[in-house]
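S.K.: Mind having a look at this structure? Questions to follow.
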Amino acid sequence: MNYQEINSHTIDRWVDEGWEWGIPISHEAYLRALAGDWQVLLTPTKPVPRSWFGEEISGKKLLGLAAGGAQQMPVFAALGAVCTVLDYSAKQLNSEVCVASREGYKINIVKADMTKPLPFPDSEFDIIFHPVSNCYVEEVEPIFRECFRVLKNGGILLSGLDNGVNYFFNDDESKVVNTLPFNPLKNPDQMKSIIGNDCGIQFSHTLEEQIGGQLRAGFILKDIYEDTNGEGFLHEHNIPTFIATMAIKP
(Lines give C-alpha, C1' and ligand atoms only; values in the text may rest on other atoms or scores of the structure.)
Protein backbone atom coordinates (compact mmCIF):
# COMPACT_ATOMS: atom_id res chain seq x y z
CA MET A 1 0.00 0.00 0.00
CA ASN A 2 1.10 3.58 -0.57
CA TYR A 3 1.09 5.97 2.37
CA GLN A 4 -2.37 7.36 1.55
CA GLU A 5 -3.87 3.87 1.62
CA ILE A 6 -2.16 3.25 4.95
CA ASN A 7 -3.61 6.49 6.30
CA SER A 8 -7.14 5.76 5.10
CA HIS A 9 -7.11 2.36 6.82
CA THR A 10 -5.57 3.90 9.95
CA ILE A 11 -8.30 6.53 10.17
CA ASP A 12 -10.98 3.88 9.64
CA ARG A 13 -9.59 2.05 12.66
CA TRP A 14 -9.39 5.24 14.72
CA VAL A 15 -13.07 5.90 14.01
CA ASP A 16 -13.95 2.42 15.27
CA GLU A 17 -11.90 3.17 18.41
CA GLY A 18 -13.78 6.41 19.14
CA TRP A 19 -11.47 9.03 17.59
CA GLU A 20 -12.69 12.51 18.59
CA TRP A 21 -12.69 13.73 14.97
CA GLY A 22 -14.79 10.74 13.91
CA ILE A 23 -17.76 11.22 16.28
CA PRO A 24 -20.79 12.59 14.37
CA ILE A 25 -22.82 15.47 15.75
CA SER A 26 -25.93 14.62 17.73
CA HIS A 27 -29.51 15.07 16.63
CA GLU A 28 -29.79 17.87 19.19
CA ALA A 29 -26.79 19.70 17.70
CA TYR A 30 -28.36 19.39 14.25
CA LEU A 31 -31.61 20.89 15.54
CA ARG A 32 -29.68 23.77 17.09
CA ALA A 33 -28.01 24.42 13.72
CA LEU A 34 -31.43 24.50 12.07
CA ALA A 35 -32.37 27.16 14.61
CA GLY A 36 -29.25 29.22 13.85
CA ASP A 37 -27.15 28.13 16.83
CA TRP A 38 -24.02 26.63 15.28
CA GLN A 39 -20.26 26.66 14.98
CA VAL A 40 -17.69 24.67 12.98
CA LEU A 41 -13.97 24.03 13.40
CA LEU A 42 -11.06 24.09 10.96
CA THR A 43 -8.54 23.65 13.81
CA PRO A 44 -8.86 22.03 17.25
CA THR A 45 -10.52 24.72 19.38
CA LYS A 46 -11.38 28.06 17.73
CA PRO A 47 -14.71 28.31 15.85
CA VAL A 48 -14.53 29.67 12.32
CA PRO A 49 -15.86 33.26 12.14
CA ARG A 50 -19.26 33.29 10.47
CA SER A 51 -18.13 36.23 8.36
CA TRP A 52 -15.70 33.92 6.58
CA PHE A 53 -18.62 32.21 4.79
CA GLY A 54 -19.86 35.37 3.11
CA GLU A 55 -23.29 36.88 3.42
CA GLU A 56 -25.26 33.68 2.89
CA ILE A 57 -24.62 29.93 3.06
CA SER A 58 -28.06 28.77 1.95
CA GLY A 59 -28.06 27.65 -1.67
CA LYS A 60 -24.27 27.73 -1.97
CA LYS A 61 -22.47 24.69 -3.37
CA LEU A 62 -20.06 23.62 -0.64
CA LEU A 63 -17.29 21.01 -0.80
CA GLY A 64 -16.04 19.47 2.43
CA LEU A 65 -12.52 18.48 1.40
CA ALA A 66 -11.12 15.69 3.59
CA ALA A 67 -13.99 16.66 5.90
CA GLY A 68 -15.77 13.37 6.53
CA GLY A 69 -17.03 12.34 9.95
CA ALA A 70 -20.37 14.20 10.02
CA GLN A 71 -19.16 16.95 12.31
CA GLN A 72 -19.31 19.94 9.94
CA MET A 73 -21.27 18.85 6.88
CA PRO A 74 -24.57 18.30 8.78
CA VAL A 75 -24.28 21.90 10.01
CA PHE A 76 -23.85 23.20 6.48
CA ALA A 77 -26.78 21.06 5.31
CA ALA A 78 -28.91 22.49 8.11
CA LEU A 79 -27.99 25.98 6.91
CA GLY A 80 -29.22 25.16 3.40
CA ALA A 81 -25.95 24.54 1.57
CA VAL A 82 -25.79 22.07 -1.30
CA CYS A 83 -23.17 19.75 0.18
CA THR A 84 -20.53 17.44 -1.24
CA VAL A 85 -18.00 15.69 0.99
CA LEU A 86 -14.79 14.07 -0.26
CA ASP A 87 -12.74 11.82 1.98
CA TYR A 88 -10.62 8.68 1.64
CA SER A 89 -11.94 7.11 4.86
CA ALA A 90 -14.86 4.77 4.31
CA LYS A 91 -15.78 5.00 7.99
CA GLN A 92 -15.84 8.79 7.97
CA LEU A 93 -18.04 8.77 4.88
CA ASN A 94 -20.34 6.16 6.41
CA SER A 95 -20.94 8.58 9.28
CA GLU A 96 -21.99 11.20 6.73
CA VAL A 97 -24.46 8.75 5.18
CA CYS A 98 -25.89 7.78 8.58
CA VAL A 99 -26.43 11.35 9.79
CA ALA A 100 -27.91 12.47 6.47
CA SER A 101 -30.34 9.55 6.65
CA ARG A 102 -31.17 10.30 10.29
CA GLU A 103 -31.85 13.99 9.61
CA GLY A 104 -33.38 13.64 6.15
CA TYR A 105 -31.09 15.79 4.01
CA LYS A 106 -29.18 15.05 0.81
CA ILE A 107 -25.40 15.03 0.51
CA ASN A 108 -23.11 13.97 -2.33
CA ILE A 109 -20.59 11.43 -0.99
CA VAL A 110 -17.28 11.01 -2.83
CA LYS A 111 -14.62 8.51 -1.73
CA ALA A 112 -11.37 9.77 -3.21
CA ASP A 113 -7.78 10.76 -2.48
CA MET A 114 -7.32 14.55 -2.43
CA THR A 115 -3.71 14.19 -3.59
CA LYS A 116 -5.12 13.17 -6.98
CA PRO A 117 -7.00 15.51 -9.36
CA LEU A 118 -10.36 16.27 -7.78
CA PRO A 119 -13.24 14.50 -9.59
CA PHE A 120 -15.20 17.70 -10.24
CA PRO A 121 -15.50 20.10 -13.19
CA ASP A 122 -13.98 23.56 -13.21
CA SER A 123 -15.80 26.28 -11.24
CA GLU A 124 -18.14 23.84 -9.50
CA PHE A 125 -18.22 25.16 -5.91
CA ASP A 126 -18.83 28.40 -4.03
CA ILE A 127 -17.06 27.31 -0.83
CA ILE A 128 -14.43 24.70 0.05
CA PHE A 129 -14.18 23.77 3.73
CA HIS A 130 -10.84 22.02 4.32
CA PRO A 131 -10.12 21.17 7.98
CA VAL A 132 -6.65 20.14 9.18
CA SER A 133 -5.64 17.17 7.03
CA ASN A 134 -2.62 18.34 5.04
CA CYS A 135 -0.43 16.87 7.77
CA TYR A 136 -1.25 13.46 6.23
CA VAL A 137 -0.08 14.57 2.76
CA GLU A 138 3.47 14.84 1.47
CA GLU A 139 2.87 17.56 -1.15
CA VAL A 140 0.24 20.21 -0.46
CA GLU A 141 0.60 22.69 -3.30
CA PRO A 142 -1.19 20.48 -5.89
CA ILE A 143 -4.19 20.38 -3.54
CA PHE A 144 -4.44 24.17 -3.51
CA ARG A 145 -4.19 24.28 -7.31
CA GLU A 146 -7.08 21.85 -7.57
CA CYS A 147 -9.09 23.86 -5.05
CA PHE A 148 -8.55 26.95 -7.20
CA ARG A 149 -9.70 25.08 -10.29
CA VAL A 150 -12.96 23.74 -8.85
CA LEU A 151 -13.99 27.00 -7.14
CA LYS A 152 -16.07 29.61 -8.92
CA ASN A 153 -14.72 33.13 -9.33
CA GLY A 154 -15.29 34.79 -5.98
CA GLY A 155 -15.32 31.38 -4.30
CA ILE A 156 -13.99 30.92 -0.78
CA LEU A 157 -11.32 28.47 0.43
CA LEU A 158 -11.32 27.89 4.20
CA SER A 159 -8.34 25.82 5.35
CA GLY A 160 -6.96 24.45 8.62
CA LEU A 161 -3.17 24.08 8.53
CA ASP A 162 -0.57 22.54 10.85
CA ASN A 163 2.35 24.95 11.31
CA GLY A 164 4.90 22.17 11.98
CA VAL A 165 5.65 22.96 15.64
CA ASN A 166 4.17 19.66 16.88
CA TYR A 167 6.80 17.74 14.92
CA PHE A 168 9.70 19.22 16.91
CA PHE A 169 8.76 17.42 20.10
CA ASN A 170 8.59 14.03 21.78
CA ASP A 171 5.24 12.53 22.83
CA ASP A 172 4.78 14.56 26.02
CA GLU A 173 5.97 17.76 24.30
CA SER A 174 8.78 18.20 26.83
CA LYS A 175 11.82 17.88 24.57
CA VAL A 176 12.84 18.83 21.04
CA VAL A 177 13.74 15.58 19.28
CA ASN A 178 13.27 16.21 15.56
CA THR A 179 14.62 18.47 12.87
CA LEU A 180 12.34 19.64 10.09
CA PRO A 181 11.07 18.78 7.62
CA PHE A 182 9.35 15.80 9.19
CA ASN A 183 8.95 13.32 6.35
CA PRO A 184 8.88 9.61 7.30
CA LEU A 185 9.10 8.61 3.64
CA LYS A 186 12.60 10.08 3.53
CA ASN A 187 13.72 9.54 7.14
CA PRO A 188 13.73 5.96 8.50
CA ASP A 189 14.03 7.11 12.11
CA GLN A 190 10.97 9.31 11.75
CA MET A 191 9.06 6.44 10.13
CA LYS A 192 9.97 4.15 13.01
CA SER A 193 8.83 6.74 15.54
CA ILE A 194 5.52 7.52 13.89
CA ILE A 195 4.58 3.86 13.35
CA GLY A 196 5.38 3.11 16.97
CA ASN A 197 3.09 5.93 18.10
CA ASP A 198 0.21 4.92 15.76
CA CYS A 199 -0.02 8.41 14.27
CA GLY A 200 -0.52 7.46 10.66
CA ILE A 201 2.02 8.68 8.10
CA GLN A 202 2.34 12.41 8.80
CA PHE A 203 4.38 15.27 7.36
CA SER A 204 5.37 18.74 8.47
CA HIS A 205 4.79 21.67 6.12
CA THR A 206 6.13 25.20 6.12
CA LEU A 207 4.09 28.39 5.80
CA GLU A 208 5.89 28.86 2.50
CA GLU A 209 4.36 25.61 1.26
CA GLN A 210 0.90 26.18 2.70
CA ILE A 211 0.13 29.90 2.62
CA GLY A 212 2.58 30.49 -0.19
CA GLY A 213 1.05 27.53 -2.00
CA GLN A 214 -2.38 29.13 -1.84
CA LEU A 215 -1.01 32.42 -3.16
CA ARG A 216 0.87 30.72 -5.99
CA ALA A 217 -2.30 28.85 -6.94
CA GLY A 218 -3.92 32.25 -7.49
CA PHE A 219 -5.80 32.82 -4.23
CA ILE A 220 -5.97 36.13 -2.39
CA LEU A 221 -5.49 35.69 1.36
CA LYS A 222 -8.15 37.66 3.24
CA ASP A 223 -7.89 36.58 6.88
CA ILE A 224 -6.05 34.26 9.25
CA TYR A 225 -6.02 33.10 12.87
CA GLU A 226 -3.90 30.77 14.99
CA ASP A 227 -4.92 27.95 17.33
CA THR A 228 -3.37 25.54 19.82
CA ASN A 229 -3.63 21.76 20.26
CA GLY A 230 -6.37 22.22 22.83
CA GLU A 231 -4.49 20.19 25.44
CA GLY A 232 -0.95 19.30 26.53
CA PHE A 233 2.24 21.21 27.36
CA LEU A 234 2.25 23.44 24.27
CA HIS A 235 -1.41 24.35 24.75
CA GLU A 236 -0.80 25.18 28.41
CA HIS A 237 1.91 27.61 27.28
CA ASN A 238 -0.41 29.07 24.60
CA ILE A 239 1.94 28.05 21.79
CA PRO A 240 0.12 28.10 18.43
CA THR A 241 0.40 24.88 16.44
CA PHE A 242 -2.32 25.46 13.83
CA ILE A 243 -3.37 28.19 11.44
CA ALA A 244 -6.73 28.78 9.74
CA THR A 245 -6.88 30.75 6.51
CA MET A 246 -9.65 32.37 4.51
CA ALA A 247 -8.76 32.92 0.85
CA ILE A 248 -10.71 34.03 -2.20
CA LYS A 249 -10.49 33.02 -5.85
CA PRO A 250 -10.61 36.36 -7.70
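Within each chain, counting starts at residue 1; across the C-alpha coordinates, chains are named A, B, ... in the order shown, with ligands numbered 1 upward in that order.
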May I have the residues within 9 Å of Ala244 (chain A) as a ChimeraX atom specification, using only C-alpha atoms and disregarding those fewer than 4 positions away in the same chain?
M.R.: /A:42-43,48,131-132,158-162,223-227
S.K.: Which polymer residues have any atom within 9 Å of an atom of Pro74 (chain A), counting only C-alpha atoms, with same-chain residues fewer than 4 positions away left out, as a list of chain:residue names?
M.R.: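 Selected residues are A:Pro24, A:Ile25, A:Tyr30, A:Ala33, A:Ala70, A:Ala78, A:Leu79, A:Cys83, A:Glu96, A:Val99, A:Ala100, A:Glu103, A:Tyr105, A:Ile107.
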S.K.: Between CA of Gly155 (chain A) and CA of Leu93 (chain A), what is the distance, to one decimal in Å?
M.R.: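 A separation of 24.6 Å between them.
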S.K.: Write down as number ranges by chain the residues of region 97-223 of chain A whose backbone DSSP state falls under helix (DSSP H, G or I).
M.R.: A: 97-103, 134-136, 141-150, 165-168, 188-196, 207-217
S.K.: Give me the residues within 12 Å of Phe182 (chain A) as a PyMOL selection string, counting only C-alpha atoms and dropping any in the same chain fewer than 3 places off.
M.R.: chain A and resi 135-138+163-169+177-179+185-191+193-194+201-206
S.K.: Which residue is closest to Gln210 (chain A)? Choose from A:Ile243, A:Val97, A:Ala77, A:Leu234 and count only C-alpha atoms.
M.R.: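 Nearest candidate to Gln210 (chain A) out of A:Ile243, A:Val97, A:Ala77, A:Leu234: A:Ile243.
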S.K.: Counting only C-alpha atoms, which of A:Ile211, A:Val15, A:Leu65, A:Val75 gets nearest to Leu34 (chain A)?
M.R.: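 Result for the nearest residue to Leu34 (chain A): A:Val75.
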S.K.: Pick out each residue of region 10-128 of chain A that DSSP on the backbone tags as strand (DSSP E); I need them as a list in words.
M.R.: Lys61, Leu62, Leu63, Gly64, Leu65, Val82, Cys83, Thr84, Val85, Leu86, Asp87, Asn108, Ile109, Val110, Lys111, Phe125, Asp126, Ile127 and Ile128 of chain A
S.K.: Hey, which of A:Asn229, A:Asn197, A:Thr245, A:Thr115 ends up closest to Glu5 (chain A)? Count only C-alpha atoms.
M.R.: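 Of A:Asn229, A:Asn197, A:Thr245, A:Thr115, the one nearest Glu5 (chain A) is A:Thr115, counting only C-alpha atoms.
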S.K.: One number please: CA of Leu157 (chain A) to CA of Gln4 (chain A), in Å, one decimal.
M.R.: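 The value is 23.0 Å.
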S.K.: I need the residue nearest Lys222 (chain A) from this list: A:Met246, A:Val140, A:Cys199, A:Leu207. Use only C-alpha atoms for the distance.
M.R.: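 With only C-alpha atoms as the atom set, the closest residue is A:Met246.
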S.K.: Report as a tab-separated table (two decimals) with N, CA and C atoms, in the first residue's frame all protein, DNA and RNA residues lying within 8 Å of Ser58 (chain A), evaluated on only C-alpha atoms, omitting residues in the same chain fewer than 4 positions from it.
M.R.:
```tsv
chain	number	residue	atom	x	y	z
A	79	LEU	N	-27.96	24.57	7.31
A	79	LEU	CA	-27.99	25.98	6.91
A	79	LEU	C	-28.42	26.17	5.45
A	80	GLY	N	-28.69	25.07	4.76
A	80	GLY	CA	-29.22	25.16	3.40
A	80	GLY	C	-28.20	25.06	2.30
A	81	ALA	N	-26.95	24.71	2.61
A	81	ALA	CA	-25.95	24.54	1.57
A	81	ALA	C	-26.20	23.26	0.78
A	82	VAL	N	-25.76	23.26	-0.47
A	82	VAL	CA	-25.79	22.07	-1.30
A	82	VAL	C	-24.44	21.38	-1.11
```
S.K.: Could you name the residues that touch Ser89 (chain A) at 8 Å or less, counting only C-alpha atoms, but leaving out those on the same chain fewer than 3 positions away, as a PDB file with all heavy atoms, in the first residue's frame?
M.R.:
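After the write, out-v2.pdb holds the following:
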```pdb
ATOM      1  N   SER A   8      -5.681   5.950   5.156  1.00  0.00           N
ATOM      2  CA  SER A   8      -7.138   5.759   5.098  1.00  0.00           C
ATOM      3  C   SER A   8      -7.561   4.593   5.983  1.00  0.00           C
ATOM      4  O   SER A   8      -8.563   4.682   6.717  1.00  0.00           O
ATOM      5  CB  SER A   8      -7.612   5.550   3.653  1.00  0.00           C
ATOM      6  OG  SER A   8      -7.167   4.315   3.129  1.00  0.00           O
ATOM      7  N   HIS A   9      -6.791   3.506   5.968  1.00  0.00           N
ATOM      8  CA  HIS A   9      -7.107   2.363   6.824  1.00  0.00           C
ATOM      9  C   HIS A   9      -6.877   2.697   8.298  1.00  0.00           C
ATOM     10  O   HIS A   9      -7.637   2.241   9.169  1.00  0.00           O
ATOM     11  CB  HIS A   9      -6.268   1.152   6.413  1.00  0.00           C
ATOM     12  CG  HIS A   9      -6.662   0.547   5.100  1.00  0.00           C
ATOM     13  ND1 HIS A   9      -7.891  -0.044   4.893  1.00  0.00           N
ATOM     14  CD2 HIS A   9      -6.008   0.453   3.918  1.00  0.00           C
ATOM     15  CE1 HIS A   9      -7.967  -0.486   3.651  1.00  0.00           C
ATOM     16  NE2 HIS A   9      -6.838  -0.193   3.032  1.00  0.00           N
ATOM     17  N   ILE A  11      -7.203   5.677   9.712  1.00  0.00           N
ATOM     18  CA  ILE A  11      -8.303   6.529  10.174  1.00  0.00           C
ATOM     19  C   ILE A  11      -9.577   5.720  10.340  1.00  0.00           C
ATOM     20  O   ILE A  11     -10.343   5.929  11.300  1.00  0.00           O
ATOM     21  CB  ILE A  11      -8.486   7.721   9.218  1.00  0.00           C
ATOM     22  CG1 ILE A  11      -7.287   8.664   9.368  1.00  0.00           C
ATOM     23  CG2 ILE A  11      -9.800   8.451   9.502  1.00  0.00           C
ATOM     24  CD1 ILE A  11      -7.245   9.794   8.369  1.00  0.00           C
ATOM     25  N   ASP A  12      -9.822   4.762   9.456  1.00  0.00           N
ATOM     26  CA  ASP A  12     -10.984   3.878   9.639  1.00  0.00           C
ATOM     27  C   ASP A  12     -10.919   3.191  11.003  1.00  0.00           C
ATOM     28  O   ASP A  12     -11.927   3.100  11.724  1.00  0.00           O
ATOM     29  CB  ASP A  12     -11.020   2.815   8.538  1.00  0.00           C
ATOM     30  CG  ASP A  12     -11.546   3.340   7.217  1.00  0.00           C
ATOM     31  OD1 ASP A  12     -12.092   4.460   7.189  1.00  0.00           O
ATOM     32  OD2 ASP A  12     -11.400   2.621   6.207  1.00  0.00           O
ATOM     33  N   GLY A  68     -14.803  14.366   6.111  1.00  0.00           N
ATOM     34  CA  GLY A  68     -15.771  13.370   6.533  1.00  0.00           C
ATOM     35  C   GLY A  68     -15.846  13.266   8.046  1.00  0.00           C
ATOM     36  O   GLY A  68     -15.011  13.809   8.766  1.00  0.00           O
ATOM     37  N   GLN A  92     -15.430   7.388   7.852  1.00  0.00           N
ATOM     38  CA  GLN A  92     -15.844   8.788   7.971  1.00  0.00           C
ATOM     39  C   GLN A  92     -17.004   9.096   7.030  1.00  0.00           C
ATOM     40  O   GLN A  92     -17.946   9.809   7.383  1.00  0.00           O
ATOM     41  CB  GLN A  92     -14.666   9.713   7.672  1.00  0.00           C
ATOM     42  CG  GLN A  92     -13.560   9.721   8.711  1.00  0.00           C
ATOM     43  CD  GLN A  92     -13.922  10.512   9.950  1.00  0.00           C
ATOM     44  OE1 GLN A  92     -14.743  10.078  10.767  1.00  0.00           O
ATOM     45  NE2 GLN A  92     -13.308  11.674  10.100  1.00  0.00           N
ATOM     46  N   LEU A  93     -16.959   8.548   5.830  1.00  0.00           N
ATOM     47  CA  LEU A  93     -18.044   8.770   4.883  1.00  0.00           C
ATOM     48  C   LEU A  93     -19.313   8.035   5.311  1.00  0.00           C
ATOM     49  O   LEU A  93     -20.429   8.536   5.101  1.00  0.00           O
ATOM     50  CB  LEU A  93     -17.618   8.335   3.485  1.00  0.00           C
ATOM     51  CG  LEU A  93     -16.529   9.198   2.843  1.00  0.00           C
ATOM     52  CD1 LEU A  93     -16.119   8.622   1.498  1.00  0.00           C
ATOM     53  CD2 LEU A  93     -16.980  10.650   2.683  1.00  0.00           C
ATOM     54  N   LYS A 111     -15.799   9.135  -2.318  1.00  0.00           N
ATOM     55  CA  LYS A 111     -14.618   8.508  -1.733  1.00  0.00           C
ATOM     56  C   LYS A 111     -13.463   8.680  -2.715  1.00  0.00           C
ATOM     57  O   LYS A 111     -13.477   8.130  -3.824  1.00  0.00           O
ATOM     58  CB  LYS A 111     -14.849   7.028  -1.444  1.00  0.00           C
ATOM     59  CG  LYS A 111     -13.705   6.377  -0.654  1.00  0.00           C
ATOM     60  CD  LYS A 111     -14.011   4.929  -0.296  1.00  0.00           C
ATOM     61  CE  LYS A 111     -12.951   4.362   0.656  1.00  0.00           C
ATOM     62  NZ  LYS A 111     -11.597   4.380   0.088  1.00  0.00           N
TER      63      LYS A 111
END
```
